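Quick look at structure30.txt (compact mmCIF, C-alpha atoms):
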```txt
# COMPACT_ATOMS: atom_id res chain seq x y z
CA ILE A 20 -30.95 -26.27 217.12
CA ARG A 21 -30.00 -29.13 219.39
CA LYS A 22 -29.10 -32.51 217.98
CA SER A 23 -31.47 -34.18 220.42
CA ASP A 24 -34.30 -32.06 219.03
CA MET A 25 -33.43 -33.24 215.54
CA GLY A 26 -33.43 -36.91 216.53
CA ASP A 27 -30.04 -37.40 214.89
CA GLN A 28 -27.58 -38.06 217.69
CA PRO A 29 -23.93 -38.14 216.53
CA LYS A 30 -22.44 -41.64 216.53
CA HIS A 31 -19.04 -40.56 217.79
CA ARG A 32 -17.89 -37.65 219.96
CA ILE A 33 -14.25 -37.19 219.11
CA LEU A 34 -11.62 -35.06 220.82
CA MET A 35 -8.70 -34.35 218.46
CA VAL A 36 -5.54 -33.55 220.44
CA SER A 37 -2.19 -32.20 219.27
CA ASP A 38 0.25 -29.38 219.92
CA PHE A 39 0.14 -28.70 216.19
CA PHE A 40 -2.93 -26.84 214.93
CA TYR A 41 -3.92 -23.54 213.34
CA PRO A 42 -2.81 -20.75 213.27
CA ASN A 43 0.40 -22.78 212.88
CA PHE A 44 0.77 -24.34 209.41
CA GLY A 45 2.01 -27.78 208.43
CA GLY A 46 1.01 -31.27 207.37
CA VAL A 47 -0.33 -32.32 210.80
CA GLU A 48 -2.35 -29.10 211.14
CA ASN A 49 -3.92 -29.59 207.70
CA HIS A 50 -4.67 -33.25 208.44
CA ILE A 51 -6.50 -32.49 211.68
CA TYR A 52 -8.45 -29.60 210.16
CA TYR A 53 -9.66 -31.36 207.00
CA LEU A 54 -10.36 -34.65 208.80
CA SER A 55 -12.41 -32.80 211.43
CA GLN A 56 -14.41 -30.92 208.79
CA CYS A 57 -15.27 -34.13 206.91
CA LEU A 58 -16.19 -35.97 210.11
CA LEU A 59 -18.55 -33.11 210.99
CA LYS A 60 -20.20 -33.55 207.59
CA LEU A 61 -20.62 -37.25 208.37
CA GLY A 62 -22.67 -36.28 211.43
CA GLN A 63 -19.97 -36.83 214.07
CA LYS A 64 -19.19 -34.40 216.87
CA VAL A 65 -15.57 -33.17 216.73
CA VAL A 66 -13.73 -30.93 219.20
CA VAL A 67 -10.05 -29.97 218.91
CA LEU A 68 -7.71 -29.48 221.88
CA THR A 69 -4.40 -27.65 221.44
CA HIS A 70 -2.24 -25.14 223.28
CA ALA A 71 -2.56 -21.34 223.16
CA TYR A 72 -0.93 -19.47 220.28
CA GLU A 73 0.21 -15.97 221.28
CA LYS A 74 -3.05 -14.10 222.03
CA ARG A 75 -5.26 -16.95 220.82
CA SER A 76 -6.50 -18.61 224.00
CA GLY A 77 -9.81 -20.00 225.21
CA VAL A 78 -12.59 -21.43 223.01
CA ARG A 79 -12.77 -20.55 219.32
CA TYR A 80 -15.04 -21.67 216.48
CA MET A 81 -13.75 -22.34 212.98
CA THR A 82 -15.42 -22.97 209.61
CA GLY A 83 -18.25 -25.48 209.80
CA GLY A 84 -18.74 -24.97 213.56
CA LEU A 85 -15.51 -26.79 214.51
CA LYS A 86 -14.90 -26.03 218.19
CA VAL A 87 -11.30 -25.55 219.32
CA TYR A 88 -10.01 -25.36 222.90
CA TYR A 89 -6.78 -23.34 223.06
CA VAL A 90 -5.72 -24.26 226.59
CA PRO A 91 -3.52 -21.67 228.37
CA TRP A 92 -0.20 -23.47 227.94
CA LYS A 93 2.56 -21.80 225.96
CA PRO A 94 4.96 -23.76 223.69
CA PHE A 95 8.55 -24.00 224.84
CA LEU A 96 10.27 -25.89 221.99
CA MET A 97 9.22 -26.44 218.35
CA GLN A 98 5.57 -25.61 219.17
CA ASN A 99 5.52 -28.28 221.91
CA THR A 100 4.27 -27.56 225.40
CA LEU A 101 6.39 -28.34 228.43
CA PRO A 102 5.68 -31.89 229.72
CA THR A 103 3.72 -31.63 232.99
CA LEU A 104 3.02 -35.36 233.56
CA TYR A 105 -0.03 -34.66 235.77
CA GLY A 106 -0.65 -30.92 235.32
CA THR A 107 -3.08 -31.36 232.42
CA LEU A 108 -5.36 -33.82 234.27
CA PRO A 109 -7.93 -31.30 235.61
CA ILE A 110 -8.50 -29.40 232.37
CA ILE A 111 -8.53 -32.48 230.11
CA ARG A 112 -10.97 -34.22 232.49
CA THR A 113 -13.24 -31.16 232.45
CA ILE A 114 -13.25 -30.96 228.63
CA LEU A 115 -13.96 -34.70 228.27
CA ILE A 116 -16.94 -34.44 230.61
CA ARG A 117 -18.26 -31.10 229.31
CA GLU A 118 -18.22 -32.23 225.69
CA LYS A 119 -19.47 -35.77 226.50
CA ILE A 120 -16.52 -37.20 224.53
CA SER A 121 -16.58 -40.91 223.64
CA LEU A 122 -13.17 -41.23 221.97
CA VAL A 123 -9.85 -39.34 222.05
CA HIS A 124 -7.73 -39.12 218.89
CA GLY A 125 -4.13 -37.95 219.38
CA HIS A 126 -1.84 -36.80 216.57
CA GLN A 127 1.96 -36.74 216.18
CA ALA A 128 4.55 -38.66 218.20
CA PHE A 129 6.48 -35.62 219.43
CA SER A 130 3.41 -33.73 220.69
CA THR A 131 3.59 -33.72 224.49
CA LEU A 132 -0.04 -32.60 224.79
CA CYS A 133 -1.06 -35.61 222.67
CA HIS A 134 0.81 -38.08 224.92
CA GLU A 135 -0.62 -36.56 228.12
CA ALA A 136 -4.18 -36.49 226.75
CA LEU A 137 -4.03 -40.16 225.70
CA MET A 138 -2.68 -41.10 229.14
CA ARG A 139 -5.44 -39.10 230.89
CA ALA A 140 -8.14 -40.59 228.65
CA ARG A 141 -7.07 -44.19 229.30
CA THR A 142 -6.98 -43.56 233.05
CA MET A 143 -10.57 -42.33 232.83
CA GLY A 144 -11.65 -45.34 230.74
CA TYR A 145 -11.98 -43.66 227.34
CA LYS A 146 -11.04 -45.39 224.10
CA VAL A 147 -8.10 -43.76 222.31
CA VAL A 148 -6.73 -43.70 218.75
CA PHE A 149 -3.27 -42.43 217.80
CA THR A 150 -2.08 -41.22 214.38
CA ASP A 151 1.64 -41.15 213.66
CA HIS A 152 2.69 -38.62 211.01
CA SER A 153 6.48 -38.99 211.06
CA LEU A 154 9.35 -41.44 210.74
CA TYR A 155 12.01 -41.83 213.44
CA GLY A 156 15.36 -43.58 213.64
CA PHE A 157 16.65 -45.96 216.26
CA ALA A 158 20.26 -44.91 216.86
CA ASP A 159 20.49 -41.26 217.97
CA MET A 160 19.72 -40.15 221.52
CA GLY A 161 16.63 -38.13 220.59
CA SER A 162 15.05 -41.04 218.72
CA ILE A 163 15.81 -43.51 221.53
CA HIS A 164 14.11 -41.22 224.04
CA MET A 165 11.10 -40.57 221.77
CA ASN A 166 10.68 -44.26 220.96
CA LYS A 167 10.52 -45.14 224.67
CA VAL A 168 7.89 -42.43 225.27
CA LEU A 169 5.92 -43.74 222.29
CA GLN A 170 6.16 -47.29 223.63
CA PHE A 171 4.74 -46.04 226.94
CA THR A 172 1.83 -44.18 225.30
CA LEU A 173 0.91 -46.88 222.79
CA ALA A 174 1.12 -49.74 225.31
CA ASP A 175 -2.53 -49.05 226.17
CA VAL A 176 -3.85 -47.50 222.94
CA SER A 177 -7.05 -48.90 221.41
CA GLN A 178 -6.07 -48.52 217.72
CA ALA A 179 -3.37 -46.68 215.75
CA ILE A 180 -3.23 -45.10 212.30
CA CYS A 181 -0.22 -44.45 210.06
CA VAL A 182 -0.15 -42.40 206.86
CA SER A 183 1.87 -44.90 204.80
CA HIS A 184 2.96 -48.54 204.89
CA THR A 185 6.54 -47.43 205.56
CA SER A 186 5.27 -45.38 208.49
CA LYS A 187 3.34 -48.40 209.80
CA GLU A 188 6.44 -50.58 209.73
CA ASN A 189 8.43 -47.85 211.50
CA THR A 190 5.77 -47.34 214.20
CA VAL A 191 5.35 -51.06 214.88
CA LEU A 192 9.11 -51.51 215.29
CA ARG A 193 9.44 -48.45 217.55
CA SER A 194 6.44 -49.04 219.79
CA GLY A 195 6.03 -52.82 219.84
CA LEU A 196 2.36 -52.50 218.84
CA PRO A 197 0.75 -55.59 217.28
CA PRO A 198 0.56 -54.93 213.49
CA GLU A 199 -3.14 -55.87 213.45
CA LYS A 200 -3.85 -52.82 215.64
CA VAL A 201 -2.26 -50.41 213.16
CA PHE A 202 -4.17 -49.18 210.09
CA VAL A 203 -2.80 -47.34 207.05
CA ILE A 204 -4.87 -44.33 205.97
CA PRO A 205 -2.99 -41.89 203.69
CA ASN A 206 -3.32 -38.14 203.75
CA ALA A 207 -5.33 -36.35 201.07
CA VAL A 208 -5.51 -33.02 199.29
CA ASP A 209 -8.23 -30.41 198.87
CA THR A 210 -8.51 -30.57 195.07
CA ALA A 211 -11.10 -27.77 195.10
CA MET A 212 -8.41 -25.46 196.50
CA PHE A 213 -5.43 -26.74 194.49
CA LYS A 214 -6.36 -26.39 190.81
CA PRO A 215 -4.06 -25.98 187.79
CA ALA A 216 -3.53 -22.61 186.13
CA PRO A 217 -6.31 -21.72 183.64
CA GLY A 218 -3.86 -21.60 180.72
CA ARG A 219 -0.82 -23.69 179.88
CA LEU A 220 2.49 -22.10 180.97
CA SER A 221 5.09 -21.09 178.38
CA SER A 222 7.87 -23.62 177.83
CA ASP A 223 10.42 -20.91 176.98
CA GLU A 224 11.32 -20.68 180.67
CA ILE A 225 11.11 -23.70 182.98
CA VAL A 226 10.22 -22.86 186.57
CA ILE A 227 11.04 -25.30 189.38
CA VAL A 228 9.17 -24.70 192.65
CA VAL A 229 10.35 -25.63 196.14
CA ILE A 230 7.99 -25.08 199.09
CA SER A 231 9.34 -26.50 202.33
CA ARG A 232 10.64 -25.66 205.77
CA LEU A 233 14.31 -24.86 205.24
CA VAL A 234 15.72 -27.28 207.78
CA TYR A 235 18.16 -30.20 207.63
CA ARG A 236 15.43 -32.87 207.70
CA LYS A 237 13.79 -31.34 204.62
CA GLY A 238 17.05 -31.56 202.65
CA ALA A 239 17.86 -27.84 202.45
CA ASP A 240 21.57 -28.73 202.23
CA LEU A 241 20.87 -30.79 199.11
CA LEU A 242 19.24 -27.77 197.47
CA VAL A 243 22.43 -25.76 198.04
CA GLU A 244 24.31 -28.19 195.78
CA VAL A 245 21.54 -29.05 193.29
CA ILE A 246 20.31 -25.56 192.33
CA PRO A 247 23.65 -24.16 191.01
CA GLU A 248 24.31 -27.29 188.93
CA VAL A 249 20.84 -27.25 187.32
CA CYS A 250 21.17 -23.53 186.57
CA ARG A 251 24.54 -24.23 184.92
CA LEU A 252 23.10 -27.01 182.73
CA TYR A 253 19.89 -25.16 181.77
CA PRO A 254 20.12 -21.38 181.15
CA ASN A 255 16.31 -21.21 180.83
CA VAL A 256 15.57 -22.72 184.26
CA ARG A 257 14.48 -20.55 187.18
CA PHE A 258 13.83 -21.60 190.81
CA ILE A 259 11.19 -20.33 193.22
CA VAL A 260 11.94 -21.25 196.84
CA GLY A 261 9.17 -20.76 199.41
CA GLY A 262 9.70 -21.43 203.09
CA ASP A 263 11.75 -20.31 206.03
CA GLY A 264 14.06 -21.89 208.58
CA PRO A 265 17.63 -21.98 209.88
CA LYS A 266 19.00 -23.24 206.54
CA ARG A 267 17.73 -20.20 204.62
CA VAL A 268 21.06 -18.46 205.28
CA ARG A 269 22.90 -21.22 203.36
CA LEU A 270 20.59 -20.81 200.38
CA GLU A 271 21.06 -17.04 200.42
CA GLU A 272 24.85 -17.53 200.51
CA MET A 273 24.65 -20.00 197.60
CA ARG A 274 22.64 -17.49 195.57
CA GLU A 275 25.23 -14.77 196.22
CA LYS A 276 28.22 -17.04 195.55
CA HIS A 277 26.95 -18.19 192.13
CA SER A 278 25.33 -14.84 191.20
CA LEU A 279 21.88 -16.41 190.83
CA GLN A 280 19.82 -13.53 192.26
CA ASP A 281 17.83 -13.25 189.01
CA ARG A 282 17.26 -17.01 188.74
CA VAL A 283 16.47 -18.03 192.33
CA ASP A 284 13.56 -16.24 194.01
CA MET A 285 13.50 -16.55 197.81
CA LEU A 286 9.91 -15.94 198.96
CA GLY A 287 10.30 -16.67 202.67
CA ALA A 288 7.37 -18.21 204.59
CA VAL A 289 4.34 -18.74 202.34
CA PRO A 290 0.85 -18.69 203.96
CA HIS A 291 -1.11 -21.82 203.10
CA ALA A 292 -3.78 -19.75 201.35
CA LYS A 293 -1.13 -18.53 198.88
CA VAL A 294 0.59 -21.87 198.23
CA ARG A 295 -1.50 -22.55 195.10
CA SER A 296 -0.60 -19.19 193.54
CA VAL A 297 3.09 -20.10 193.94
CA LEU A 298 2.66 -23.67 192.65
CA ILE A 299 0.78 -22.73 189.45
CA SER A 300 3.65 -20.44 188.43
CA GLY A 301 5.92 -23.50 187.99
CA HIS A 302 6.33 -26.61 185.82
CA ILE A 303 8.18 -28.91 188.25
CA PHE A 304 7.88 -29.35 192.02
CA LEU A 305 11.08 -30.34 193.83
CA ASN A 306 11.03 -32.18 197.16
CA SER A 307 14.41 -32.85 198.76
CA SER A 308 13.35 -34.36 202.12
CA LEU A 309 15.74 -36.76 203.85
CA THR A 310 12.89 -38.46 205.74
CA GLU A 311 9.16 -38.34 205.09
CA ALA A 312 6.28 -40.51 206.23
CA PHE A 313 3.92 -38.98 203.66
CA CYS A 314 4.42 -35.67 201.87
CA ILE A 315 1.20 -33.64 201.51
CA ALA A 316 3.12 -30.97 199.58
CA ILE A 317 3.62 -33.49 196.75
CA LEU A 318 -0.15 -34.05 196.56
CA GLU A 319 -0.81 -30.31 196.45
CA ALA A 320 1.73 -29.86 193.65
CA ALA A 321 0.34 -32.79 191.62
CA SER A 322 -3.20 -31.47 192.08
CA CYS A 323 -1.99 -28.17 190.57
CA GLY A 324 -0.62 -30.10 187.57
CA LEU A 325 3.10 -30.01 188.38
CA LEU A 326 5.43 -32.92 187.63
CA THR A 327 7.22 -33.88 190.87
CA VAL A 328 10.89 -34.67 191.44
CA SER A 329 11.48 -36.11 194.90
CA THR A 330 13.99 -37.99 196.98
CA CYS A 331 13.07 -41.67 197.33
CA VAL A 332 12.75 -41.76 201.11
CA GLY A 333 10.21 -43.08 203.62
CA GLY A 334 6.65 -43.27 202.32
CA VAL A 335 7.22 -40.96 199.30
CA PRO A 336 7.26 -43.83 196.72
CA GLU A 337 3.72 -44.74 197.85
CA VAL A 338 2.27 -41.26 197.21
CA LEU A 339 1.98 -40.89 193.41
CA PRO A 340 1.86 -43.17 190.34
CA GLU A 341 5.17 -43.62 188.49
CA ASP A 342 4.17 -41.37 185.57
CA MET A 343 3.52 -38.41 187.90
CA ILE A 344 6.78 -38.43 189.86
CA VAL A 345 10.52 -38.87 189.22
CA LEU A 346 12.34 -40.37 192.20
CA ALA A 347 15.99 -39.91 193.07
CA LYS A 348 18.41 -40.93 195.80
CA PRO A 349 19.10 -38.20 198.39
CA ASP A 350 22.30 -37.38 196.54
CA PRO A 351 23.03 -34.15 194.58
CA VAL A 352 24.22 -35.94 191.42
CA ASP A 353 21.22 -38.28 191.30
CA MET A 354 18.80 -35.41 191.96
CA VAL A 355 20.25 -33.36 189.10
CA GLN A 356 19.81 -36.36 186.78
CA ALA A 357 16.20 -36.76 187.98
CA ILE A 358 15.50 -33.07 187.20
CA GLN A 359 16.99 -33.55 183.71
CA LYS A 360 14.68 -36.53 183.21
CA ALA A 361 11.67 -34.52 184.44
CA ILE A 362 12.45 -31.64 182.06
CA SER A 363 12.44 -34.10 179.13
CA PHE A 364 9.00 -35.38 180.29
CA LEU A 365 7.38 -31.92 180.48
CA PRO A 366 5.92 -31.87 176.92
CA MET A 367 3.92 -35.02 177.77
CA ILE A 368 2.41 -33.60 180.99
CA ASP A 369 -1.25 -32.53 180.93
CA PRO A 370 -1.93 -30.49 184.13
CA LEU A 371 -5.73 -30.79 183.90
CA ALA A 372 -5.61 -34.58 183.42
CA MET A 373 -3.24 -34.85 186.38
CA HIS A 374 -5.62 -32.78 188.53
CA LEU A 375 -8.60 -34.99 187.60
CA ARG A 376 -6.60 -38.12 188.52
CA MET A 377 -5.72 -36.62 191.90
CA LYS A 378 -9.39 -35.87 192.46
CA ILE A 379 -10.13 -39.59 192.15
CA LEU A 380 -7.05 -40.87 194.01
CA TYR A 381 -7.15 -38.65 197.11
CA SER A 382 -10.20 -37.35 198.96
CA TRP A 383 -10.55 -36.14 202.56
CA HIS A 384 -14.09 -37.55 202.60
CA ASP A 385 -12.64 -41.00 201.88
CA VAL A 386 -10.05 -40.49 204.66
CA ALA A 387 -12.86 -39.53 207.08
CA LYS A 388 -14.93 -42.62 206.21
CA ARG A 389 -11.95 -44.91 206.71
CA THR A 390 -11.03 -43.19 209.98
CA LYS A 391 -14.60 -43.66 211.20
CA ILE A 392 -14.20 -47.43 210.67
CA VAL A 393 -11.12 -47.32 212.96
CA TYR A 394 -13.21 -45.43 215.55
CA ASP A 395 -15.87 -48.16 215.35
CA ARG A 396 -13.23 -50.83 216.01
CA ALA A 397 -11.72 -48.85 218.89
CA LEU A 398 -15.08 -48.46 220.61
CA ARG A 399 -15.68 -52.21 220.32
CA CYS A 400 -12.48 -52.93 222.28
CA SER A 401 -13.15 -54.47 225.69
CA ASN A 402 -12.88 -52.34 228.82
CA GLN A 403 -9.98 -53.21 231.13
CA ASN A 404 -9.38 -52.53 234.78
CA LEU A 405 -6.21 -50.96 236.18
CA LEU A 406 -4.45 -54.28 236.87
CA GLU A 407 -5.02 -55.52 233.31
CA ARG A 408 -3.68 -52.23 231.95
CA LEU A 409 -0.61 -52.29 234.21
CA SER A 410 0.38 -55.68 232.83
CA ARG A 411 0.83 -54.04 229.42
CA TYR A 412 3.18 -51.38 230.82
CA LEU A 413 5.34 -54.02 232.50
CA THR A 414 6.29 -55.32 229.06
CA CYS A 415 7.95 -51.96 228.20
CA GLY A 416 11.22 -52.90 229.90
CA SER A 417 12.69 -54.25 233.13
CA TRP A 418 13.10 -50.77 234.65
CA ALA A 419 10.99 -48.61 232.33
CA GLY A 420 7.99 -50.94 232.74
CA LYS A 421 7.99 -50.55 236.51
CA LEU A 422 8.42 -46.77 236.20
CA PHE A 423 5.51 -46.55 233.73
CA CYS A 424 3.33 -48.58 236.12
CA LEU A 425 4.15 -46.18 238.96
CA VAL A 426 3.26 -43.18 236.75
CA MET A 427 -0.11 -44.71 235.85
CA VAL A 428 -0.95 -45.72 239.45
CA ILE A 429 -0.30 -42.13 240.62
CA ASP A 430 -2.40 -40.83 237.70
CA PHE A 431 -5.22 -43.20 238.71
CA LEU A 432 -5.08 -42.01 242.35
CA LEU A 433 -5.05 -38.33 241.32
CA TRP A 434 -8.05 -38.92 239.08
CA HIS A 435 -10.04 -40.42 241.97
CA LEU A 436 -8.94 -37.56 244.22
CA LEU A 437 -10.16 -35.09 241.61
CA GLN A 438 -13.49 -36.93 241.41
CA LEU A 439 -13.82 -36.50 245.15
CA PHE A 440 -13.16 -32.75 245.17
CA GLN A 441 -14.83 -31.97 241.82
CA PRO A 442 -17.53 -34.56 241.07
CA ALA A 443 -18.49 -35.02 237.42
CA ALA A 444 -22.08 -34.07 238.35
CA ASN A 445 -20.85 -30.54 239.18
CA ILE A 446 -19.36 -30.04 235.69
CA GLU A 447 -21.88 -28.53 233.30
CA GLU A 448 -22.28 -30.45 230.05
CA VAL A 449 -22.30 -28.49 226.80
CA PRO A 450 -25.43 -28.94 224.64
CA ASP A 451 -24.79 -30.20 221.12
CA VAL A 452 -25.51 -27.38 218.72
CA ILE A 453 -25.78 -27.28 214.95
CA LEU A 454 -25.88 -23.79 213.48
CA PRO A 455 -28.43 -23.44 210.64
CA HIS A 456 -26.00 -21.61 208.32
CA CYS A 457 -23.46 -24.46 208.77
CA GLN A 458 -26.07 -26.94 207.59
CA ARG A 459 -26.59 -24.91 204.43
CA GLY A 460 -22.80 -24.70 203.91
CA GLU A 461 -22.72 -20.91 204.38
CA LYS A 462 -19.93 -19.03 206.09
CA SER A 463 -20.44 -16.79 209.08
CA GLY A 464 -18.48 -13.73 210.09
CA ASN A 465 -18.51 -15.05 213.68
CA PHE A 466 -16.32 -17.99 212.71
CA ASP A 467 -12.58 -17.78 213.08
CA GLU A 468 -11.40 -18.81 209.61
CA ARG A 469 -8.22 -20.71 209.02
```
Using the file provided, produce a representation of the structure as structure tokens.
Amino acid sequence: IRKSDMGDQPKHRILMVSDFFYPNFGGVENHIYYLSQCLLKLGQKVVVLTHAYEKRSGVRYMTGGLKVYYVPWKPFLMQNTLPTLYGTLPIIRTILIREKISLVHGHQAFSTLCHEALMRARTMGYKVVFTDHSLYGFADMGSIHMNKVLQFTLADVSQAICVSHTSKENTVLRSGLPPEKVFVIPNAVDTAMFKPAPGRLSSDEIVIVVISRLVYRKGADLLVEVIPEVCRLYPNVRFIVGGDGPKRVRLEEMREKHSLQDRVDMLGAVPHAKVRSVLISGHIFLNSSLTEAFCIAILEAASCGLLTVSTCVGGVPEVLPEDMIVLAKPDPVDMVQAIQKAISFLPMIDPLAMHLRMKILYSWHDVAKRTKIVYDRALRCSNQNLLERLSRYLTCGSWAGKLFCLVMVIDFLLWHLLQLFQPAANIEEVPDVILPHCQRGEKSGNFDER
């Protein structure tokens, strides 16, 4: 059934772009997936562009008819593709024309595919929106380099979205974007998927759950010091640690050193479909991140009825009400005290009431509606010619500005050369299709599930 036959043409045709998408799991991947699904339900057309994952290459369809282009580029570092500068121009141009895209939405500051797609789209005259999911510093070499790349990309962006007010402040300072161009739209949680356990857990044994990538940024080194001390203070406390990463070895060594094999369960990587089953086995969720723009894991834990103990960093204080979270400094002593405080609060916690509150506070449908308003504003932005756009890049620095201008001029020339050798009229447009079973909310065996 074609949309045109139904007389209900989608208002926006959005291309979501990021190096981070399923089958990889994480906060950015979840955000793109759930946002896309809710936008589809609002009658928008959504297509996702990401790189190939192992044998997954080409065009795939996911639940709800979400179309995903897995372009044949392999990741080279932390799921990022190798920067090509101009190598992605032909394929991105073809996808934009084939799918009749009206707006490009890029996700995550350290996604090279996102930066290249936004650059391509602006060269071709498309409106672009960027969502920043992380916080960055200003002093180390990696952050300085990334901030300059972000300044280049966002110099010509139509609108930007951040997931917390702390993240907005960080992005504005790093990129030089006018604050009025940056909107704050928090993440959400699928409360239908993350429900509390049917019965109340026994209080004879207190279970503290940790689900995180075991890396420095997520505070794995803090866990090495906190877990033994809590186990010493409370003989009835047990830890469940889900996740994998380079710091897992340190946790294993800590468990051996303090003879905590029977009190610290190391689960390894936990598939997202099994996260709820791990969460509902615990009373307290522990987040030890050293930096966090917005922690979706905290929302998932609260939706399952767990009291949260978290480091007070980044946008974490904005996530939950004060009676649902205990905050601590990223210091072992302070975190142990916060866990003690949380244990004393446990008798007053009602998991079902907490779940119902989360259902009201956070909804992906609300996120989609607010994001659609940003799309409306982006599409109302005036069109600019090349000279007007180059003036923005010149403000990025005395030398960097001139270099960015040169990059964009070459990109503009290559685009016109491509139009000459492969006219847009020769690229077949894809008809808009709505599958009947998707309209009824049924699942199909032909769809590639998450």
- Task: Give the answer as one residue: which of A:Leu371, A:Leu326, A:Val148, A:Ala312 has the shortest atom-to-atom distance to A:Thr190, using only C-alpha atoms?
- Result: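 Under the stated criterion, the closest residue is A:Ala312.
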- Item | Radius query 10 Å about (18.9, -39.3, 190.2), atoms used: all atoms listed in the file, as an MDAnalysis selection string | chainID A and resid 328:331 345:360
Taking (16.4, -28.3, 203.9) in the file's own coordinates, collect the residues within 12 Å, counting only C-alpha atoms, and hand them back as a short mmCIF file (atom, residue, chain, number, x, y, z; two decimals) with C-alpha atoms, in the frame of the given file.
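Output file part19.cif is given in full below:
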```
data_model
loop_
_atom_site.label_atom_id
_atom_site.label_comp_id
_atom_site.auth_asym_id
_atom_site.auth_seq_id
_atom_site.Cartn_x
_atom_site.Cartn_y
_atom_site.Cartn_z
CA VAL A 229 10.35 -25.63 196.14
CA ILE A 230 7.99 -25.08 199.09
CA SER A 231 9.34 -26.50 202.33
CA ARG A 232 10.64 -25.66 205.77
CA LEU A 233 14.31 -24.86 205.24
CA VAL A 234 15.72 -27.28 207.78
CA TYR A 235 18.16 -30.20 207.63
CA ARG A 236 15.43 -32.87 207.70
CA LYS A 237 13.79 -31.34 204.62
CA GLY A 238 17.05 -31.56 202.65
CA ALA A 239 17.86 -27.84 202.45
CA ASP A 240 21.57 -28.73 202.23
CA LEU A 241 20.87 -30.79 199.11
CA LEU A 242 19.24 -27.77 197.47
CA VAL A 243 22.43 -25.76 198.04
CA GLU A 244 24.31 -28.19 195.78
CA VAL A 245 21.54 -29.05 193.29
CA VAL A 260 11.94 -21.25 196.84
CA GLY A 261 9.17 -20.76 199.41
CA GLY A 262 9.70 -21.43 203.09
CA ASP A 263 11.75 -20.31 206.03
CA GLY A 264 14.06 -21.89 208.58
CA PRO A 265 17.63 -21.98 209.88
CA LYS A 266 19.00 -23.24 206.54
CA ARG A 267 17.73 -20.20 204.62
CA VAL A 268 21.06 -18.46 205.28
CA ARG A 269 22.90 -21.22 203.36
CA LEU A 270 20.59 -20.81 200.38
CA LEU A 305 11.08 -30.34 193.83
CA ASN A 306 11.03 -32.18 197.16
CA SER A 307 14.41 -32.85 198.76
CA SER A 308 13.35 -34.36 202.12
CA LEU A 309 15.74 -36.76 203.85
CA THR A 310 12.89 -38.46 205.74
CA PRO A 349 19.10 -38.20 198.39
#
```
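Counting all atoms listed in the file, A:Trp434 has the following residues at most 12 Å away, ignoring those fewer than 3 positions along the same chain: A:Tyr105, A:Gly106, A:Thr107, A:Leu108, A:Pro109, A:Ile110, A:Ile111, A:Arg112, A:Thr113, A:Met138, A:Arg139, A:Ala140, A:Arg141, A:Thr142, A:Met143, A:Gly144, A:Met427, A:Val428, A:Ile429, A:Asp430, A:Phe431, A:Leu437, A:Gln438, A:Leu439, A:Phe440, A:Gln441, A:Pro442, A:Ala443.
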Cut-off 10 Å: closest stretch 192-243 of chain A/stretch 249-259 of chain A atom pairs per residue, using all atoms listed in the file, as CSV:
```
residue,atom,partner,partner_atom,distance
A:Ser222,CA,A:Asn255,CA,9.3
A:Asp223,CA,A:Asn255,CA,7.0
A:Glu224,CA,A:Asn255,CA,5.0
A:Ile225,CA,A:Val256,CA,4.7
A:Val226,CA,A:Arg257,CA,4.9
A:Ile227,CA,A:Phe258,CA,4.8
A:Val228,CA,A:Ile259,CA,4.8
A:Val229,CA,A:Ile259,CA,6.1
A:Ile230,CA,A:Ile259,CA,8.2
```
- Query: Taking into account all atoms listed in the file, which residue in the set A:Glu407, A:Asp395, A:Asp451, A:Glu135 is nearest to A:Val65?
  - Reply: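 Using all atoms listed in the file, the shortest distance to A:Val65 belongs to A:Asp451.
Here atom CA of A:Phe40 and atom CA of A:Asn99 stand 11.1 Å from one another.
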- Message: Could you check the closest approach to A:Met81 for each of A:Trp383, A:Tyr52, A:Phe39, A:Tyr145 and tell me which residue wins, using all atoms listed in the file?
- Response: A:Tyr52
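Pairwise distance (atom CA of A:Val201, atom CA of A:Val123) equals 16.1 Å.
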- Message: So, with all atoms listed in the file as the atoms that count, which of A:Cys323, A:Ile33, A:Ile163, A:Leu196 lies closest to A:Ser296?
- Response: A:Cys323
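The coordinates place atom CA of A:Val393 at 18.9 Å from atom CA of A:Ala136.
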- Which is closest to A:Ser76 among A:Phe423, A:His126, A:Leu375, A:Lys93, if we use only C-alpha atoms?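 Comparing A:Phe423, A:His126, A:Leu375, A:Lys93 against A:Ser76, the winner is A:Lys93.
Among the candidates A:Pro102, A:Gly62, A:Pro42, A:Pro205, the residue lying nearest to A:Arg75 is A:Pro42 (atoms considered: all atoms listed in the file).
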Report, as lines of an AutoDock Vina configuration file, the axis-aligned box around all atoms of stretch 158-167 of chain A present in the file, extended by 5 Å on each side; give centre and edge lengths in Å to one decimal place.
```
center_x = 15.5
center_y = -41.6
center_z = 220.8
size_x = 20.0
size_y = 17.0
size_z = 17.8
```
Would you output stretch 253-262 of chain A from that structure, restricted to C-alpha atoms, as an mmCIF file, in the first residue's frame?
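Generated output (part_35.cif):
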```cif
data_model
loop_
_atom_site.group_PDB
_atom_site.id
_atom_site.type_symbol
_atom_site.label_atom_id
_atom_site.label_comp_id
_atom_site.auth_asym_id
_atom_site.auth_seq_id
_atom_site.Cartn_x
_atom_site.Cartn_y
_atom_site.Cartn_z
ATOM 1 C CA TYR A 253 27.051 -5.904 55.394
ATOM 2 C CA PRO A 254 27.381 -9.721 55.507
ATOM 3 C CA ASN A 255 23.942 -10.062 53.865
ATOM 4 C CA VAL A 256 24.794 -7.983 50.769
ATOM 5 C CA ARG A 257 25.508 -9.627 47.426
ATOM 6 C CA PHE A 258 26.590 -7.968 44.147
ATOM 7 C CA ILE A 259 25.612 -8.866 40.584
ATOM 8 C CA VAL A 260 27.915 -7.282 37.987
ATOM 9 C CA GLY A 261 26.818 -7.393 34.349
ATOM 10 C CA GLY A 262 28.986 -6.057 31.548
#
```
